[in-house]
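*Asks:* Quick one: structure below, then a few questions.
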Amino acid sequence: MKRVMIIALLVCFCTACASTQANQEQGEAALTISDFAGREVGFNEVPGNIATVSYGDLEILSALGANVVGRPTADGAIKSEWKDIPEIGTVHEINHEMLASVKSDVVLANADFNQKDEQMLESLGTEVVYTNADSIEDIKKQIALLGEMLDKKEQAEELTNTIDTKLAEIDSDKYKNKKVVIIYGTPGTYMVALPNSLSGDILEKAGAHNIAADFPSLEEFPQYAQLNAEEIVNANPDIVMLITHGKSEEVQQGFEREMERNAAWSSINAVKEDRVFVLPNDLFGTNPGTRITESIDLMQDYLEGEKPD
């Protein structure tokens with residue numbers, strides 16, 4: 001009887017091995033994830049070397065203990081632990097030569113901007129996973145996705161629980177009467193953040209009233225509306241928030257000149273009460289990843305009318 005059982009076990013073991021080998025030969029993945037572009041991406045094993053063009057992804061990868069071999073090109077100071085990681089460009093311009101040199105198993109790219117680069121990226125011998133974040137919920141989904149890809153589901157769940165706890169602490173009724181406008185500026189261009197933008201979602205979760213909620217969205221950038229000074233002045237916001245992108249000082253100075261040229265700006269409560277705030281771009285203008293909890297805290301400080309130290 002024992003001999004029969006042993007033979008049976010050996011047969012099962014060999015069958016399993018043969019099945020695994022057949023799956024590998026047929027290209028079936030041991031792990032399949034669905035990214036933010038709706039693509040199914042398969043891996044035969046947990047990817048060891050990761051590259052990304054997003055600092056939000058980098059924050060999440062670092063929190064999950066991933067081995068990051070390529071990071072976004074910096075336009076300012078970065079964390080000391082990231083300084084030795086090679087730069088591979090940004091979501092707007094990936095450095096394909098540098099990406100090829102870091103030999104990543106997977107590169108995290110942006111679902112809105114980088115799908116046109118998919119064939120080129122895959123030709124470099126790396127899998128591509130698309131991510132994106134236009135809301136706090138998106139960031140939580142990003143964390144869950146990368147946790148699944150790295151086999152770090154429990155750690156990912158802890159990170160999302162921290163975000164949920166932070167959201168639960170907000171007394172949204174406290175700010176429901178605050179009228180706010182968030183202006184997103186790049187050199188020569190100013191737009192107004194809608195509720196379906198990341199900064200607009202943070203504002204909405206805080207419970208304040210976004211005066212641009214009903215503004216028509218731009219076709220090219222549906223998370224934003226065209227800046228209309230007359231509509232903003234008529235709405236008379238209590239707080240004006242400015243997000244600067246690119247050359248921050250130039251953008252801020254340009255907006256200040258715009259306000260000086262149109263004297264009507266001086267009539268709104270936000271200007272009269274000195275509540276025009278410049279938000280840190282790394283926490284509001286781009287995906288902050290796990291630092292979204294800092295964004296939530298800062299938003300509440302601004303809604304209190306305070307300029308953080």
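Just remember, in the structure tokens the first chain shown is A, the second B, etc., residues are 1-based per chain, and ligands are 1-based in the order shown.
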Mind the document's chain letters and residue numbers, and return as number ranges by chain the residues of segment 223-277 of chain A that DSSP labels strand (DSSP E or B).
*Replies:* A: 224-226, 239-244, 276-277
*Asks:* Give me the segment 273-297 of chain A side of the contact with segment 64-77 of chain A, cut-off 12 Å, one line per residue showing its nearest atom pair and distance in Å at one decimal, counting only C-alpha atoms, sorted by chain and residue number, as a Markdown table.
*Replies:*
```
| residue | atom | partner | partner_atom | distance |
| --- | --- | --- | --- | --- |
| A:Asn281 | CA | A:Gly76 | CA | 11.0 |
| A:Asp282 | CA | A:Gly76 | CA | 10.1 |
| A:Gly289 | CA | A:Leu64 | CA | 11.7 |
| A:Thr290 | CA | A:Leu64 | CA | 10.3 |
```
*Asks:* Do a neighbour search on Val129 of chain A at 12 Å with only C-alpha atoms, toss out local chain neighbours closer than 2 positions, and write the hits as a PyMOL selection string.
*Replies:* chain A and resi 32-43+47+50-53+57+105-111+114-115+117-118+121-122+126-127+131-132+142+145-146+149
*Asks:* Nearest to Pro288 of chain A: which of A:Ile243, A:Ile170, A:Ala133, A:Val181 is it, counting only C-alpha atoms?
*Replies:*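 Checking each candidate against Pro288 of chain A, we get A:Ala133 as the closest.
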*Asks:* Residues of segment 76-178 of chain A within 12 Å of segment 191-207 of chain A: nearest atom pair and distance (Å, one decimal) for each, counting only C-alpha atoms, sorted by chain and number, as CSV?
*Replies:*
```
residue,atom,partner,partner_atom,distance
A:Asn132,CA,A:Leu198,CA,10.4
A:Ala133,CA,A:Leu198,CA,6.9
A:Asp134,CA,A:Leu198,CA,4.4
A:Ser135,CA,A:Leu198,CA,4.5
A:Ile136,CA,A:Leu198,CA,6.9
A:Glu137,CA,A:Asp201,CA,9.3
A:Asp138,CA,A:Leu198,CA,9.0
A:Ile139,CA,A:Leu198,CA,9.5
A:Ile163,CA,A:Ile202,CA,12.0
A:Asp164,CA,A:Lys205,CA,11.4
A:Lys166,CA,A:Ala206,CA,10.8
A:Leu167,CA,A:Lys205,CA,7.5
A:Ala168,CA,A:Lys205,CA,9.9
A:Glu169,CA,A:Ala206,CA,9.9
A:Ile170,CA,A:Ala206,CA,6.4
A:Asp171,CA,A:Ala206,CA,7.5
A:Ser172,CA,A:Gly207,CA,4.2
A:Asp173,CA,A:Gly207,CA,6.4
A:Lys174,CA,A:Gly207,CA,7.5
A:Tyr175,CA,A:Gly207,CA,5.5
A:Lys176,CA,A:Gly207,CA,5.2
A:Asn177,CA,A:Gly207,CA,8.7
A:Lys178,CA,A:Gly207,CA,8.5
```
*Asks:* Any chance you can output those residues with N, CA and C atoms as a PDB file, in the first residue's frame?
*Replies:*
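Output (again08.pdb):
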```
ATOM      1  N   ASN A 132      -1.415  55.968 -12.744  1.00  0.00           N
ATOM      2  CA  ASN A 132      -1.911  57.342 -12.855  1.00  0.00           C
ATOM      3  C   ASN A 132      -2.587  57.708 -11.547  1.00  0.00           C
ATOM      4  N   ALA A 133      -2.771  59.001 -11.297  1.00  0.00           N
ATOM      5  CA  ALA A 133      -3.449  59.398 -10.066  1.00  0.00           C
ATOM      6  C   ALA A 133      -4.119  60.755 -10.245  1.00  0.00           C
ATOM      7  N   ASP A 134      -5.445  60.731 -10.407  1.00  0.00           N
ATOM      8  CA  ASP A 134      -6.233  61.954 -10.459  1.00  0.00           C
ATOM      9  C   ASP A 134      -7.090  62.109  -9.213  1.00  0.00           C
ATOM     10  N   SER A 135      -6.881  61.237  -8.235  1.00  0.00           N
ATOM     11  CA  SER A 135      -7.661  61.286  -6.997  1.00  0.00           C
ATOM     12  C   SER A 135      -6.929  60.517  -5.910  1.00  0.00           C
ATOM     13  N   ILE A 136      -7.376  60.711  -4.689  1.00  0.00           N
ATOM     14  CA  ILE A 136      -6.809  59.955  -3.567  1.00  0.00           C
ATOM     15  C   ILE A 136      -7.102  58.464  -3.751  1.00  0.00           C
ATOM     16  N   GLU A 137      -8.283  58.163  -4.259  1.00  0.00           N
ATOM     17  CA  GLU A 137      -8.643  56.768  -4.491  1.00  0.00           C
ATOM     18  C   GLU A 137      -7.695  56.131  -5.503  1.00  0.00           C
ATOM     19  N   ASP A 138      -7.301  56.893  -6.520  1.00  0.00           N
ATOM     20  CA  ASP A 138      -6.338  56.383  -7.502  1.00  0.00           C
ATOM     21  C   ASP A 138      -5.012  56.034  -6.843  1.00  0.00           C
ATOM     22  N   ILE A 139      -4.577  56.866  -5.918  1.00  0.00           N
ATOM     23  CA  ILE A 139      -3.311  56.598  -5.224  1.00  0.00           C
ATOM     24  C   ILE A 139      -3.419  55.307  -4.426  1.00  0.00           C
ATOM     25  N   ILE A 163      -3.880  56.006   4.918  1.00  0.00           N
ATOM     26  CA  ILE A 163      -4.576  57.068   4.182  1.00  0.00           C
ATOM     27  C   ILE A 163      -6.040  57.150   4.621  1.00  0.00           C
ATOM     28  N   ASP A 164      -6.688  55.997   4.760  1.00  0.00           N
ATOM     29  CA  ASP A 164      -8.088  55.978   5.191  1.00  0.00           C
ATOM     30  C   ASP A 164      -8.251  56.582   6.582  1.00  0.00           C
ATOM     31  N   LYS A 166      -6.331  58.862   7.922  1.00  0.00           N
ATOM     32  CA  LYS A 166      -6.164  60.310   7.787  1.00  0.00           C
ATOM     33  C   LYS A 166      -7.445  60.963   7.269  1.00  0.00           C
ATOM     34  N   LEU A 167      -8.086  60.340   6.289  1.00  0.00           N
ATOM     35  CA  LEU A 167      -9.333  60.882   5.735  1.00  0.00           C
ATOM     36  C   LEU A 167     -10.444  60.889   6.785  1.00  0.00           C
ATOM     37  N   ALA A 168     -10.457  59.853   7.607  1.00  0.00           N
ATOM     38  CA  ALA A 168     -11.503  59.738   8.629  1.00  0.00           C
ATOM     39  C   ALA A 168     -11.372  60.815   9.699  1.00  0.00           C
ATOM     40  N   GLU A 169     -10.181  61.381   9.833  1.00  0.00           N
ATOM     41  CA  GLU A 169      -9.942  62.415  10.844  1.00  0.00           C
ATOM     42  C   GLU A 169     -10.471  63.782  10.433  1.00  0.00           C
ATOM     43  N   ILE A 170     -10.800  63.949   9.153  1.00  0.00           N
ATOM     44  CA  ILE A 170     -11.231  65.256   8.657  1.00  0.00           C
ATOM     45  C   ILE A 170     -12.650  65.579   9.125  1.00  0.00           C
ATOM     46  N   ASP A 171     -12.818  66.768   9.657  1.00  0.00           N
ATOM     47  CA  ASP A 171     -14.147  67.274   9.997  1.00  0.00           C
ATOM     48  C   ASP A 171     -14.605  68.115   8.811  1.00  0.00           C
ATOM     49  N   SER A 172     -15.213  67.468   7.825  1.00  0.00           N
ATOM     50  CA  SER A 172     -15.552  68.156   6.575  1.00  0.00           C
ATOM     51  C   SER A 172     -16.578  69.270   6.769  1.00  0.00           C
ATOM     52  N   ASP A 173     -17.424  69.162   7.792  1.00  0.00           N
ATOM     53  CA  ASP A 173     -18.412  70.218   8.047  1.00  0.00           C
ATOM     54  C   ASP A 173     -17.742  71.537   8.428  1.00  0.00           C
ATOM     55  N   LYS A 174     -16.536  71.432   8.932  1.00  0.00           N
ATOM     56  CA  LYS A 174     -15.818  72.617   9.403  1.00  0.00           C
ATOM     57  C   LYS A 174     -15.509  73.582   8.271  1.00  0.00           C
ATOM     58  N   TYR A 175     -15.325  73.045   7.055  1.00  0.00           N
ATOM     59  CA  TYR A 175     -14.882  73.889   5.945  1.00  0.00           C
ATOM     60  C   TYR A 175     -15.933  74.032   4.846  1.00  0.00           C
ATOM     61  N   LYS A 176     -17.156  73.576   5.085  1.00  0.00           N
ATOM     62  CA  LYS A 176     -18.159  73.533   4.019  1.00  0.00           C
ATOM     63  C   LYS A 176     -18.532  74.916   3.498  1.00  0.00           C
ATOM     64  N   ASN A 177     -18.309  75.956   4.296  1.00  0.00           N
ATOM     65  CA  ASN A 177     -18.633  77.316   3.851  1.00  0.00           C
ATOM     66  C   ASN A 177     -17.443  78.051   3.247  1.00  0.00           C
ATOM     67  N   LYS A 178     -16.310  77.376   3.148  1.00  0.00           N
ATOM     68  CA  LYS A 178     -15.110  77.988   2.565  1.00  0.00           C
ATOM     69  C   LYS A 178     -15.183  77.890   1.043  1.00  0.00           C
TER      70      LYS A 178
END
```
*Asks:* For a test of reading the model, state the distance in Å between atom CA of His209 of chain A and atom CA of Asn287 of chain A, rounded to one decimal.
*Replies:* 22.0 Å
*Asks:* Counting only C-alpha atoms, which of A:Lys272, A:Glu220, A:Lys140, A:Val180 gets nearest to Ala235 of chain A?
*Replies:*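 For Ala235 of chain A, the nearest of the candidates is A:Val180.
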*Asks:* If you run DSSP on this backbone, which residues of segment 59-287 of chain A come out as helix (DSSP H, G or I), and could you give them as a VMD selection string?
*Replies:* chain A and resid 59 to 63 80 to 82 96 to 102 115 to 123 136 to 149 153 to 168 172 to 175 198 to 206 229 to 235 248 to 261 263 to 267 269 to 272 281 to 284
*Asks:* Which polymer residues have any atom within 12 Å of an atom of Asn228 of chain A, counting only C-alpha atoms, with same-chain residues fewer than 5 positions away left out, as a list in words?
*Replies:*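 Using only C-alpha atoms, the neighbours found are Val181, Ile183, Tyr190, Met191, Val192, Ile211, Ala212, Phe215, Pro216, Val233, Asn234, Ala235, Glu258, Asn262 and Trp265 of chain A.
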*Asks:* Please provide the set of residues having any atom within 12 Å of Gly185 of chain A, restricted to only C-alpha atoms, with same-chain residues fewer than 3 positions apart removed, written as a PyMOL selection string.
*Replies:* chain A and resi 182+188-193+224-227+241-256+258+278-279+281+285
*Asks:* For a test of reading the model, state the distance in Å between atom CA of Gly147 of chain A and atom CA of Leu159 of chain A, rounded to one decimal.
*Replies:*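 Atom CA of Gly147 of chain A sits 9.9 Å away from atom CA of Leu159 of chain A.
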*Asks:* Would you kindly return, as an mmCIF file with N, CA and C atoms, in the first residue's frame, each protein, DNA or RNA residue with an atom no farther than 8 Å from any atom of Arg291 of chain A, considering only C-alpha atoms and excluding same-chain residues fewer than 4 positions away?
*Replies:*
```cif
data_model
loop_
_atom_site.group_PDB
_atom_site.id
_atom_site.type_symbol
_atom_site.label_atom_id
_atom_site.label_comp_id
_atom_site.auth_asym_id
_atom_site.auth_seq_id
_atom_site.Cartn_x
_atom_site.Cartn_y
_atom_site.Cartn_z
ATOM 1 N N GLU A 59 7.790 57.047 -4.356
ATOM 2 C CA GLU A 59 7.443 57.057 -2.933
ATOM 3 C C GLU A 59 6.819 55.722 -2.524
ATOM 4 N N LEU A 283 3.396 68.092 -3.574
ATOM 5 C CA LEU A 283 2.289 67.515 -2.803
ATOM 6 C C LEU A 283 0.929 67.738 -3.443
ATOM 7 N N SER A 295 -0.335 65.956 2.121
ATOM 8 C CA SER A 295 -1.165 66.859 1.318
ATOM 9 C C SER A 295 -2.471 67.167 2.038
#
```
*Asks:* Choose the residue, out of A:Gly89, A:His96, A:Glu158, A:Leu150, that has the smallest atom-to-atom separation from Glu45 of chain A; count only C-alpha atoms.
*Replies:*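 Once distances to Glu45 of chain A are computed over only C-alpha atoms, the minimum belongs to A:Leu150.
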*Asks:* In terms of the shortest atom-to-atom distance over only C-alpha atoms, which of A:Ser101, A:Lys153, A:Leu58, A:Glu230 is closest to Ala264 of chain A?
*Replies:*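 Of A:Ser101, A:Lys153, A:Leu58, A:Glu230, the one nearest Ala264 of chain A, counting only C-alpha atoms, is A:Glu230.
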*Asks:* Between A:Tyr184, A:Lys307, A:Tyr130, A:Arg275, which residue has the minimum interatomic distance to Phe221 of chain A, considering only C-alpha atoms?
*Replies:*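 With only C-alpha atoms as the atom set, the closest residue is A:Tyr184.
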